[in-house]
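Pasted below: protein_28.cif, mmCIF, C-alpha atoms and all ligand atoms.
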data_work
loop_
_atom_site.label_atom_id
_atom_site.label_comp_id
_atom_site.auth_asym_id
_atom_site.auth_seq_id
_atom_site.Cartn_x
_atom_site.Cartn_y
_atom_site.Cartn_z
CA MET A 244 129.28 151.06 -54.07
CA LYS A 245 128.26 153.01 -57.14
CA GLU A 246 130.45 153.18 -60.20
CA ILE A 247 132.95 156.03 -60.16
CA LEU A 248 132.21 158.21 -63.15
CA VAL A 249 134.91 160.84 -62.75
CA SER A 250 137.96 160.99 -60.58
CA LEU A 251 140.45 163.73 -59.88
CA ASP A 252 143.72 162.30 -58.77
CA HIS A 253 146.22 164.72 -57.15
CA VAL A 254 145.12 167.47 -59.51
CA SER A 255 146.84 170.85 -59.40
CA ARG A 256 146.36 173.88 -61.60
CA ILE A 257 148.61 176.87 -61.24
CA TYR A 258 148.10 180.23 -62.92
CA GLN A 259 150.89 182.72 -63.39
CA VAL A 260 149.40 186.14 -62.77
CA ARG A 261 150.94 189.61 -62.72
CA GLU A 262 151.50 190.95 -59.25
CA GLY A 263 150.05 194.31 -60.21
CA PHE A 264 148.52 195.93 -63.24
CA PHE A 265 151.81 197.57 -64.31
CA SER A 266 154.06 194.98 -62.82
CA ALA A 267 156.14 192.63 -64.91
CA ARG A 268 156.62 190.31 -61.96
CA LYS A 269 154.44 187.28 -61.81
CA LYS A 270 153.24 185.19 -58.97
CA ALA A 271 151.80 181.71 -58.96
CA VAL A 272 148.18 181.25 -57.95
CA ARG A 273 147.38 177.71 -56.96
CA ALA A 274 143.80 177.54 -58.18
CA LEU A 275 143.78 173.79 -57.55
CA ASP A 276 146.21 172.31 -55.09
CA ASN A 277 146.49 168.53 -55.00
CA VAL A 278 142.77 167.82 -55.26
CA ASN A 279 141.48 164.26 -54.90
CA LEU A 280 137.80 163.80 -55.57
CA GLU A 281 135.50 161.16 -57.03
CA LEU A 282 132.09 161.59 -58.57
CA ARG A 283 129.83 158.56 -58.41
CA ARG A 284 127.31 157.76 -61.06
CA ASP A 285 123.83 159.19 -60.33
CA GLU A 286 124.96 161.37 -57.49
CA ILE A 287 124.76 165.09 -56.94
CA LEU A 288 128.03 166.24 -55.49
CA GLY A 289 127.85 169.76 -54.13
CA LEU A 290 130.99 171.89 -54.21
CA VAL A 291 131.11 174.97 -51.99
CA GLY A 292 133.67 177.58 -51.07
CA GLU A 293 134.18 181.30 -51.12
CA SER A 294 134.60 183.18 -54.36
CA GLY A 295 138.05 182.64 -55.87
CA CYS A 296 138.74 179.34 -54.11
CA GLY A 297 138.98 177.43 -57.41
CA LYS A 298 135.51 176.01 -58.03
CA SER A 299 135.26 177.08 -61.67
CA THR A 300 138.81 175.96 -62.30
CA LEU A 301 137.88 172.54 -60.97
CA ALA A 302 134.90 172.51 -63.35
CA ARG A 303 137.00 173.41 -66.40
CA VAL A 304 139.74 170.93 -65.57
CA THR A 305 137.20 168.16 -64.99
CA LEU A 306 135.71 168.76 -68.43
CA GLY A 307 139.11 168.85 -70.08
CA LEU A 308 138.69 172.49 -71.09
CA GLU A 309 141.97 173.11 -69.29
CA SER A 310 144.73 170.66 -68.48
CA PRO A 311 145.98 170.18 -64.96
CA ASP A 312 149.61 171.13 -64.31
CA SER A 313 149.95 167.89 -62.44
CA GLY A 314 147.71 164.99 -61.60
CA HIS A 315 145.06 163.20 -63.63
CA VAL A 316 141.39 163.53 -64.45
CA LYS A 317 139.75 160.24 -65.30
CA PHE A 318 136.38 159.64 -66.89
CA GLN A 319 135.15 156.08 -66.46
CA GLY A 320 138.64 155.08 -65.43
CA ARG A 321 140.41 156.55 -68.45
CA ASP A 322 142.70 159.58 -68.23
CA ILE A 323 141.07 162.27 -70.34
CA ALA A 324 144.51 163.55 -71.34
CA SER A 325 145.21 160.32 -73.20
CA GLN A 326 141.93 160.05 -75.08
CA ASP A 327 142.19 159.62 -78.82
CA ARG A 328 139.97 161.70 -81.11
CA VAL A 329 137.04 159.35 -81.04
CA GLN A 330 137.13 159.00 -77.27
CA ARG A 331 137.44 162.74 -76.82
CA ARG A 332 134.42 163.31 -78.98
CA ALA A 333 132.42 160.79 -76.97
CA PHE A 334 133.55 162.47 -73.76
CA ARG A 335 132.49 165.90 -75.05
CA GLN A 336 129.10 164.41 -75.69
CA LYS A 337 128.74 162.73 -72.31
CA ALA A 338 129.98 165.62 -70.18
CA GLN A 339 128.21 168.96 -70.38
CA MET A 340 128.32 172.20 -68.46
CA ILE A 341 125.79 174.84 -67.55
CA PHE A 342 126.86 178.27 -66.44
CA GLN A 343 125.90 181.03 -64.07
CA ASP A 344 125.06 183.35 -66.92
CA PRO A 345 123.89 181.33 -69.88
CA PHE A 346 123.63 184.54 -71.89
CA SER A 347 127.38 184.72 -72.33
CA SER A 348 127.41 181.17 -73.63
CA LEU A 349 124.55 181.62 -76.10
CA ASN A 350 125.40 183.06 -79.51
CA PRO A 351 123.38 186.30 -79.76
CA ARG A 352 123.09 185.96 -83.55
CA LYS A 353 121.61 182.50 -83.52
CA THR A 354 118.03 181.62 -82.83
CA ILE A 355 117.30 179.20 -80.04
CA PHE A 356 116.48 176.55 -82.65
CA GLN A 357 119.86 177.02 -84.33
CA THR A 358 121.65 176.97 -80.99
CA ILE A 359 120.15 173.69 -79.89
CA ARG A 360 120.42 172.10 -83.33
CA GLU A 361 124.18 172.64 -83.31
CA PRO A 362 125.22 169.90 -80.85
CA LEU A 363 122.71 167.53 -82.48
CA ARG A 364 124.46 168.10 -85.80
CA ILE A 365 127.99 167.96 -84.49
CA HIS A 366 127.44 164.64 -82.76
CA GLY A 367 125.15 163.21 -85.43
CA LEU A 368 122.33 162.75 -82.96
CA CYS A 369 119.44 163.38 -85.27
CA PRO A 370 119.99 160.92 -88.13
CA ASP A 371 116.48 161.28 -89.52
CA GLY A 372 117.02 165.04 -89.87
CA ARG A 373 113.90 165.91 -87.89
CA TYR A 374 115.62 168.68 -86.00
CA ARG A 375 112.45 170.67 -85.34
CA GLU A 376 110.89 167.80 -83.51
CA ARG A 377 113.99 166.97 -81.50
CA VAL A 378 114.60 170.61 -80.50
CA SER A 379 110.99 170.93 -79.50
CA GLN A 380 111.28 167.86 -77.24
CA LEU A 381 114.42 169.23 -75.64
CA LEU A 382 112.84 172.61 -74.97
CA SER A 383 109.87 170.92 -73.45
CA SER A 384 112.15 168.83 -71.16
CA ALA A 385 113.52 172.15 -69.94
CA GLY A 386 110.00 173.46 -69.37
CA LEU A 387 109.74 175.70 -72.43
CA SER A 388 107.32 175.64 -75.28
CA ASP A 389 108.76 175.41 -78.75
CA ILE A 390 106.27 177.83 -80.31
CA ASP A 391 107.21 180.61 -77.89
CA VAL A 392 110.92 180.06 -78.05
CA ALA A 393 112.52 178.35 -81.03
CA ASP A 394 112.69 181.17 -83.55
CA ARG A 395 113.60 183.92 -81.16
CA TYR A 396 117.02 185.22 -80.07
CA PRO A 397 118.72 184.95 -76.65
CA HIS A 398 118.28 188.62 -75.73
CA GLU A 399 114.52 188.22 -75.82
CA PHE A 400 114.53 186.02 -72.73
CA SER A 401 114.77 186.46 -68.98
CA GLY A 402 117.58 184.94 -66.91
CA GLY A 403 115.48 181.97 -65.85
CA GLN A 404 114.38 181.26 -69.42
CA ARG A 405 117.94 181.52 -70.66
CA GLN A 406 119.03 179.04 -68.02
CA ARG A 407 116.34 176.66 -69.34
CA ILE A 408 117.61 177.18 -72.90
CA GLY A 409 121.17 176.45 -71.74
CA LEU A 410 119.89 173.31 -70.11
CA ALA A 411 117.99 172.20 -73.23
CA ARG A 412 121.20 172.60 -75.20
CA ALA A 413 123.16 170.63 -72.59
CA LEU A 414 120.57 167.84 -72.73
CA ALA A 415 120.78 167.67 -76.52
CA THR A 416 123.77 165.32 -76.37
CA ASP A 417 122.08 163.05 -73.85
CA PRO A 418 124.86 163.58 -71.31
CA GLU A 419 125.76 161.46 -68.30
CA LEU A 420 127.55 164.19 -66.40
CA ILE A 421 126.47 167.80 -66.00
CA ILE A 422 128.63 170.33 -64.25
CA ALA A 423 126.47 173.20 -63.09
CA ASP A 424 128.65 176.17 -62.14
CA GLU A 425 126.58 178.52 -59.97
CA PRO A 426 123.54 177.84 -62.16
CA THR A 427 121.16 179.93 -60.07
CA SER A 428 123.41 182.62 -58.62
CA ALA A 429 122.30 185.25 -61.11
CA LEU A 430 118.58 184.54 -60.71
CA ASP A 431 115.82 185.92 -58.48
CA VAL A 432 115.05 183.71 -55.51
CA SER A 433 111.65 182.61 -56.84
CA ILE A 434 113.18 181.62 -60.18
CA GLN A 435 116.09 179.87 -58.45
CA ALA A 436 113.68 177.37 -56.90
CA GLN A 437 112.13 176.57 -60.30
CA ILE A 438 115.50 175.92 -61.89
CA ILE A 439 116.69 173.81 -58.95
CA ASN A 440 113.54 171.71 -59.07
CA LEU A 441 113.90 171.25 -62.81
CA LEU A 442 117.51 170.13 -62.36
CA LEU A 443 116.48 167.66 -59.66
CA ASP A 444 113.63 166.24 -61.76
CA LEU A 445 115.92 165.77 -64.76
CA GLN A 446 118.56 164.13 -62.60
CA GLU A 447 116.05 161.55 -61.45
CA GLU A 448 114.39 160.96 -64.80
CA ARG A 449 117.61 160.59 -66.73
CA GLY A 450 119.96 159.20 -64.10
CA LEU A 451 122.32 162.14 -64.49
CA THR A 452 125.38 162.80 -62.40
CA TYR A 453 125.88 166.39 -61.28
CA LEU A 454 128.74 168.35 -59.95
CA PHE A 455 126.76 171.21 -58.51
CA ILE A 456 128.84 174.28 -57.71
CA SER A 457 127.56 177.08 -55.55
CA HIS A 458 128.61 179.41 -52.79
CA ASP A 459 125.05 179.26 -51.45
CA LEU A 460 125.05 176.76 -48.59
CA PRO A 461 121.29 176.31 -48.19
CA ILE A 462 121.01 175.46 -51.91
CA ILE A 463 123.92 173.03 -51.62
CA GLN A 464 122.26 171.41 -48.61
CA PHE A 465 119.01 171.09 -50.52
CA VAL A 466 120.42 169.40 -53.62
CA SER A 467 123.53 167.46 -52.61
CA HIS A 468 124.04 163.81 -51.78
CA ARG A 469 127.58 164.64 -50.73
CA VAL A 470 129.24 167.97 -50.13
CA ALA A 471 132.83 168.98 -50.84
CA VAL A 472 134.23 172.12 -49.25
CA MET A 473 137.12 173.96 -50.85
CA TYR A 474 139.45 176.66 -49.57
CA ARG A 475 142.26 178.26 -51.58
CA GLY A 476 142.39 175.48 -54.13
CA GLN A 477 142.37 172.69 -51.56
CA LEU A 478 139.67 170.33 -50.46
CA MET A 479 139.02 170.81 -46.78
CA GLU A 480 136.13 168.47 -46.12
CA LEU A 481 133.92 165.95 -47.90
CA MET A 482 130.82 164.65 -46.15
CA PRO A 483 127.32 163.34 -46.67
CA GLY A 484 124.89 166.08 -47.73
CA GLY A 485 121.28 166.19 -46.67
CA ASN A 486 121.33 167.79 -43.28
CA PHE A 487 124.87 168.98 -43.33
CA LEU A 488 123.97 172.48 -42.17
CA SER A 489 121.93 171.32 -39.23
CA HIS A 490 122.37 167.71 -38.34
CA GLY A 491 119.19 166.03 -37.19
CA GLY A 492 115.80 167.50 -36.52
CA ASN A 493 115.84 169.98 -33.69
CA GLY A 494 119.36 171.01 -32.79
CA GLN A 495 121.65 173.43 -34.52
CA ALA A 496 124.61 171.11 -34.47
CA THR A 497 126.14 170.35 -37.81
CA ARG A 498 127.85 167.34 -39.24
CA ALA A 499 130.73 169.51 -40.44
CA ARG A 500 133.93 169.01 -38.49
CA HIS A 501 136.52 171.10 -40.29
CA PRO A 502 136.96 174.52 -38.67
CA TYR A 503 136.77 176.15 -42.10
CA THR A 504 133.43 174.52 -42.89
CA ARG A 505 132.13 175.60 -39.49
CA TYR A 506 133.30 179.10 -40.28
CA LEU A 507 131.41 179.09 -43.58
CA LEU A 508 128.34 177.79 -41.79
CA SER A 509 128.55 180.44 -39.11
CA ALA A 510 127.76 183.02 -41.77
CA VAL A 511 124.51 181.28 -42.74
CA PRO A 512 121.42 182.40 -40.88
CA LEU A 513 119.23 179.44 -39.95
CA PRO A 514 115.68 179.69 -38.70
CA ASP A 515 115.51 178.78 -35.02
CA PRO A 516 112.48 176.56 -34.41
CA ASP A 517 112.20 177.77 -30.80
CA SER A 518 111.89 181.42 -31.57
CA ARG A 519 110.72 183.72 -34.28
CA HIS A 520 114.22 184.91 -34.85
CA VAL A 521 116.81 183.71 -37.23
CA LYS A 522 119.79 182.35 -35.40
CA ARG A 523 123.29 181.65 -36.57
CA ILE A 524 124.75 178.23 -35.99
CA GLU A 525 127.39 179.52 -33.68
CA THR A 526 129.44 182.64 -33.63
CA ARG A 527 133.13 182.12 -33.92
CA GLU A 528 135.69 184.84 -34.19
CA ILE A 529 137.85 184.54 -37.25
CA SER A 530 140.80 186.86 -37.54
CA GLY A 531 142.77 188.02 -40.54
CA THR A 532 142.13 187.28 -44.15
CA GLY A 533 144.60 184.50 -44.69
CA LEU A 534 147.96 185.61 -45.94
CA PRO A 535 148.62 184.89 -49.58
CA GLY A 536 151.55 182.77 -50.58
CA GLU A 537 152.90 179.44 -49.64
CA SER A 538 152.95 178.29 -46.11
CA ALA A 539 154.14 174.95 -44.94
CA GLY A 540 151.08 174.28 -42.84
CA CYS A 541 147.36 174.19 -43.35
CA ALA A 542 146.06 176.88 -45.72
CA PHE A 543 143.42 177.86 -43.19
CA ALA A 544 145.74 177.95 -40.17
CA PRO A 545 146.32 181.74 -40.27
CA ARG A 546 142.58 182.30 -39.79
CA CYS A 547 141.67 179.21 -37.81
CA PRO A 548 140.50 179.78 -34.22
CA ASP A 549 141.42 176.20 -33.40
CA ALA A 550 144.90 176.17 -34.90
CA VAL A 551 147.68 174.66 -32.82
CA GLU A 552 151.38 174.59 -33.50
CA ILE A 553 151.41 171.68 -35.93
CA CYS A 554 148.76 173.39 -38.10
CA ARG A 555 151.22 176.13 -39.00
CA LYS A 556 154.04 173.69 -39.70
CA GLU A 557 152.60 170.71 -41.50
CA ARG A 558 150.06 170.37 -44.24
CA PRO A 559 147.31 168.11 -42.88
CA GLN A 560 146.70 164.86 -44.71
CA TRP A 561 143.41 164.13 -46.38
CA GLN A 562 141.99 161.49 -44.07
CA GLN A 563 138.82 159.63 -43.33
CA ILE A 564 137.28 160.74 -40.03
CA ALA A 565 133.92 158.95 -40.14
CA ASP A 566 131.79 156.94 -42.51
CA GLU A 567 131.74 158.75 -45.89
CA HIS A 568 133.45 161.68 -44.19
CA PHE A 569 136.90 163.05 -45.01
CA ALA A 570 138.80 166.11 -43.88
CA ALA A 571 142.18 167.73 -44.22
CA CYS A 572 142.66 168.82 -40.62
CA HIS A 573 145.06 167.99 -37.80
CA SER A 574 142.34 168.13 -35.18
CA PRO A 575 138.82 167.97 -36.58
CA LEU A 576 136.20 169.40 -34.24
CA GLU A 577 133.95 167.13 -32.24
CA GLN A 578 130.71 166.13 -33.88
CA ASN A 579 128.49 168.20 -31.63
CA SER A 580 130.65 171.00 -30.37
N1 LIG A 601 142.51 182.11 -66.50
C1 LIG A 601 143.02 182.51 -65.32
N2 LIG A 601 144.20 183.17 -65.28
C2 LIG A 601 144.72 183.54 -64.09
N3 LIG A 601 144.17 183.33 -62.89
C3 LIG A 601 142.99 182.69 -62.88
C4 LIG A 601 142.33 182.25 -64.08
N4 LIG A 601 141.17 181.65 -63.76
C5 LIG A 601 141.10 181.70 -62.40
N5 LIG A 601 142.17 182.32 -61.88
C6 LIG A 601 142.46 182.52 -60.44
O1 LIG A 601 142.36 181.26 -59.82
C7 LIG A 601 141.68 181.34 -58.59
C8 LIG A 601 140.43 180.47 -58.61
O2 LIG A 601 139.49 181.03 -59.50
P1 LIG A 601 138.09 180.35 -59.82
O3 LIG A 601 138.31 178.93 -60.18
O4 LIG A 601 137.38 181.19 -60.81
O5 LIG A 601 137.35 180.44 -58.40
P2 LIG A 601 135.79 180.36 -58.02
O6 LIG A 601 135.06 179.77 -59.19
O7 LIG A 601 135.75 179.51 -56.79
O8 LIG A 601 135.34 181.75 -57.71
C9 LIG A 601 141.40 182.82 -58.37
O9 LIG A 601 142.44 183.37 -57.60
C10 LIG A 601 141.41 183.38 -59.77
O10 LIG A 601 141.77 184.72 -59.76
MG MG A 602 133.41 180.48 -60.24
#
Mind turning the file's structure into structure tokens?
Ligand SMILES: Nc1ncnc2c1ncn2[C@@H]1O[C@H](COP(=O)(O)OP(=O)(O)O)[C@@H](O)[C@H]1O
Ligand SMILES: [Mg+2]
Amino acid sequence: MKEILVSLDHVSRIYQVREGFFSARKKAVRALDNVNLELRRDEILGLVGESGCGKSTLARVTLGLESPDSGHVKFQGRDIASQDRVQRRAFRQKAQMIFQDPFSSLNPRKTIFQTIREPLRIHGLCPDGRYRERVSQLLSSAGLSDIDVADRYPHEFSGGQRQRIGLARALATDPELIIADEPTSALDVSIQAQIINLLLDLQEERGLTYLFISHDLPIIQFVSHRVAVMYRGQLMELMPGGNFLSHGGNGQATRARHPYTRYLLSAVPLPDPDSRHVKRIETREISGTGLPGESAGCAFAPRCPDAVEICRKERPQWQQIADEHFAACHSPLEQNS
């Protein structure tokens, strides 16, 4: 078993938000609700779920940019909340993030050279002072040429180039963990593939660990060693990646066994090898939108076509249902149904 690099241990994060624009009343939004998850060294863990389910919150909490309201985040076995200054600095160096829109995270008044030099300076990673050379190497790792890029400003670049610049900056600290939060969602499809391939190459070359967040299931299938599925702040399923959309060569059956994951999958068009048409995995009626607020049972029960009485009454336990396969569900679906 690979070393566990990061673990989330019963992590919850609750936001108090106004009920309406003019309302003084607040309600609690459980952006993360008792999440247990481990990231293994050298793996790419894909995290999927609909918009608003808590993926970015999970990213921020994992990096210590926000503290959980309860539970613990551990990096190499140590709670990041109890790091001293030196440890925190080392953690900031080892764990980096890349964003959906790198533009908003690049300082518009700094040249690309200045932007990438900054983390090198802060962490003292260029003791000989040869910043030009180091920045040039980093840009080239991200597939950019120094001459074309270093002395220009962020607004001069396209989305794909900016993502490469963001990546060069992330690589500057020689990280072990990279959290990529929807890194390709803002890009054209042709550019998406380039960035994904670059990320995969870097992962292999440098032995990086990724938490790869996306709502795009085919991309998650393509990159992930394991896949975690989230709904309303809760983990619903965790399973091996690879062929998780379609399990095996010919059939349309999927490895996913949680009704929510199947529901997500049902919205993904898959090419049908036997015809020239695109076919959906299976069509399942889902009613309602899921009522907000606390319910005693499973968060997905109000929308679940397979819900039975217990689902509305009791929160399902997170349990192992097969090798490397976990789900929070009272009655996981059969493998091939
Ligand atoms: N800073 C915040 N203040 C209040 N509510 C927030 C904040 N950040 C996120 N939320 C809420 O938490 C939930 C999860 O958000 P987020 O983590 O951004 O989801 P995702 O990245 O999956 O789209 C959403 O309901 C969102 O509105
Ligand atoms: Mg998000």
(message) Measuring between all atoms listed in the file, which one of A:Asp322, A:Asp417, A:Glu286, A:Asp391 shows the shortest distance to A:His366?
(response)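 Closest residue, counting all atoms listed in the file: A:Asp417.
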(message) Can you pull out every residue with an atom within 9 Å of ligand LIG 601 (chain A)? Use only C-alpha atoms and all ligand atoms and format it as a PyMOL selection string.
(response) chain A and resi 256-261+271-275+291-303+424-425+456-458+473-476
Keeping C-alpha atoms for every residue in the selection just given, could you write it to a file as an mmCIF file, keeping the file's coordinate frame?
data_model
loop_
_atom_site.group_PDB
_atom_site.id
_atom_site.type_symbol
_atom_site.label_atom_id
_atom_site.label_comp_id
_atom_site.auth_asym_id
_atom_site.auth_seq_id
_atom_site.Cartn_x
_atom_site.Cartn_y
_atom_site.Cartn_z
ATOM 1 C CA ARG A 256 146.360 173.880 -61.600
ATOM 2 C CA ILE A 257 148.610 176.870 -61.240
ATOM 3 C CA TYR A 258 148.100 180.230 -62.920
ATOM 4 C CA GLN A 259 150.890 182.720 -63.390
ATOM 5 C CA VAL A 260 149.400 186.140 -62.770
ATOM 6 C CA ARG A 261 150.940 189.610 -62.720
ATOM 7 C CA ALA A 271 151.800 181.710 -58.960
ATOM 8 C CA VAL A 272 148.180 181.250 -57.950
ATOM 9 C CA ARG A 273 147.380 177.710 -56.960
ATOM 10 C CA ALA A 274 143.800 177.540 -58.180
ATOM 11 C CA LEU A 275 143.780 173.790 -57.550
ATOM 12 C CA VAL A 291 131.110 174.970 -51.990
ATOM 13 C CA GLY A 292 133.670 177.580 -51.070
ATOM 14 C CA GLU A 293 134.180 181.300 -51.120
ATOM 15 C CA SER A 294 134.600 183.180 -54.360
ATOM 16 C CA GLY A 295 138.050 182.640 -55.870
ATOM 17 C CA CYS A 296 138.740 179.340 -54.110
ATOM 18 C CA GLY A 297 138.980 177.430 -57.410
ATOM 19 C CA LYS A 298 135.510 176.010 -58.030
ATOM 20 C CA SER A 299 135.260 177.080 -61.670
ATOM 21 C CA THR A 300 138.810 175.960 -62.300
ATOM 22 C CA LEU A 301 137.880 172.540 -60.970
ATOM 23 C CA ALA A 302 134.900 172.510 -63.350
ATOM 24 C CA ARG A 303 137.000 173.410 -66.400
ATOM 25 C CA ASP A 424 128.650 176.170 -62.140
ATOM 26 C CA GLU A 425 126.580 178.520 -59.970
ATOM 27 C CA ILE A 456 128.840 174.280 -57.710
ATOM 28 C CA SER A 457 127.560 177.080 -55.550
ATOM 29 C CA HIS A 458 128.610 179.410 -52.790
ATOM 30 C CA MET A 473 137.120 173.960 -50.850
ATOM 31 C CA TYR A 474 139.450 176.660 -49.570
ATOM 32 C CA ARG A 475 142.260 178.260 -51.580
ATOM 33 C CA GLY A 476 142.390 175.480 -54.130
#
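We find atom CA of A:Ala385 and atom CA of A:Leu442 to be spaced 8.8 Å apart.
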(request) Quick one: pull the distance between atom CA of A:Leu478 and atom CA of A:Asp344, Å, one decimal. (result) 25.6 Å
(request) May I ask which of the residues A:Cys369, A:Met244, A:Ala413, A:Leu290 is the closest one to ligand MG 602 (chain A), counting only C-alpha atoms and all ligand atoms? (result) A:Leu290
(message) From the options A:Thr305, A:Gln563, A:Thr358, A:Gln404, which residue's atoms come nearest to A:Phe318, counting only C-alpha atoms?
(response)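 Smallest separation from A:Phe318 among the options: A:Thr305.
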(request) Could you check which of A:Arg546, A:Lys556, A:Arg283, A:Arg332 is closest to A:Leu420, using only C-alpha atoms? (result) A:Arg283
(request) Can you pull out every residue within 10 Å of A:Ile463, counting all atoms listed in the file, but drop anything in the same chain fewer than 5 positions away, and send it as a PyMOL selection string? (result) chain A and resi 287-291+455-458+468-471+484-485+487-488
(request) Find the distance between atom CA of A:Pro397 and atom CA of A:Pro345 and write it in Å to one decimal. (result)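 Atom CA of A:Pro397 sits 9.3 Å away from atom CA of A:Pro345.
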(request) Find the residues around stretch 405-410 of chain A up to 10 Å (only C-alpha atoms counted), leave out those fewer than 2 positions away in its own chain, and share them as number ranges by chain. (result) A: 339-346, 348-349, 355-356, 358-359, 381-387, 392-393, 397-403, 412-415, 421, 423, 426-427, 429-430, 437-438, 441-442
(message) (139.8, 162.6, -44.3) in this file's frame - what residues fall within 9 Å of it? Use only C-alpha atoms and give the answer as a ChimeraX atom specification.
(response) /A:479-481,560-565,568-572
(message) Restricting the calculation to only C-alpha atoms and all ligand atoms: of A:Arg555, A:Lys270, A:Ser428, A:Ser255, which residue gets closest to ligand MG 602 (chain A)?
(response)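 Selected residue with least distance to ligand MG 602 (chain A): A:Ser428.
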Draw an axis-aligned box tight on the listed atoms of stretch 294-310 of chain A, then pad every side by 5 Å and write out centre and edge lengths in Å to one decimal as AutoDock Vina command-line options.
--center_x 139.7 --center_y 175.7 --center_z -62.6 --size_x 20.1 --size_y 25.0 --size_z 27.0
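The smallest atom-to-atom distance between A:Thr416 and any of A:Arg352, A:Lys337, A:Arg449, A:Arg375, using all atoms listed in the file, is found for A:Lys337.
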(request) Skip A:Gly320 itself and residues of its chain fewer than 3 positions away, then list as a count of residues only all residues within 10 Å of it, counting only C-alpha atoms. (result) 8
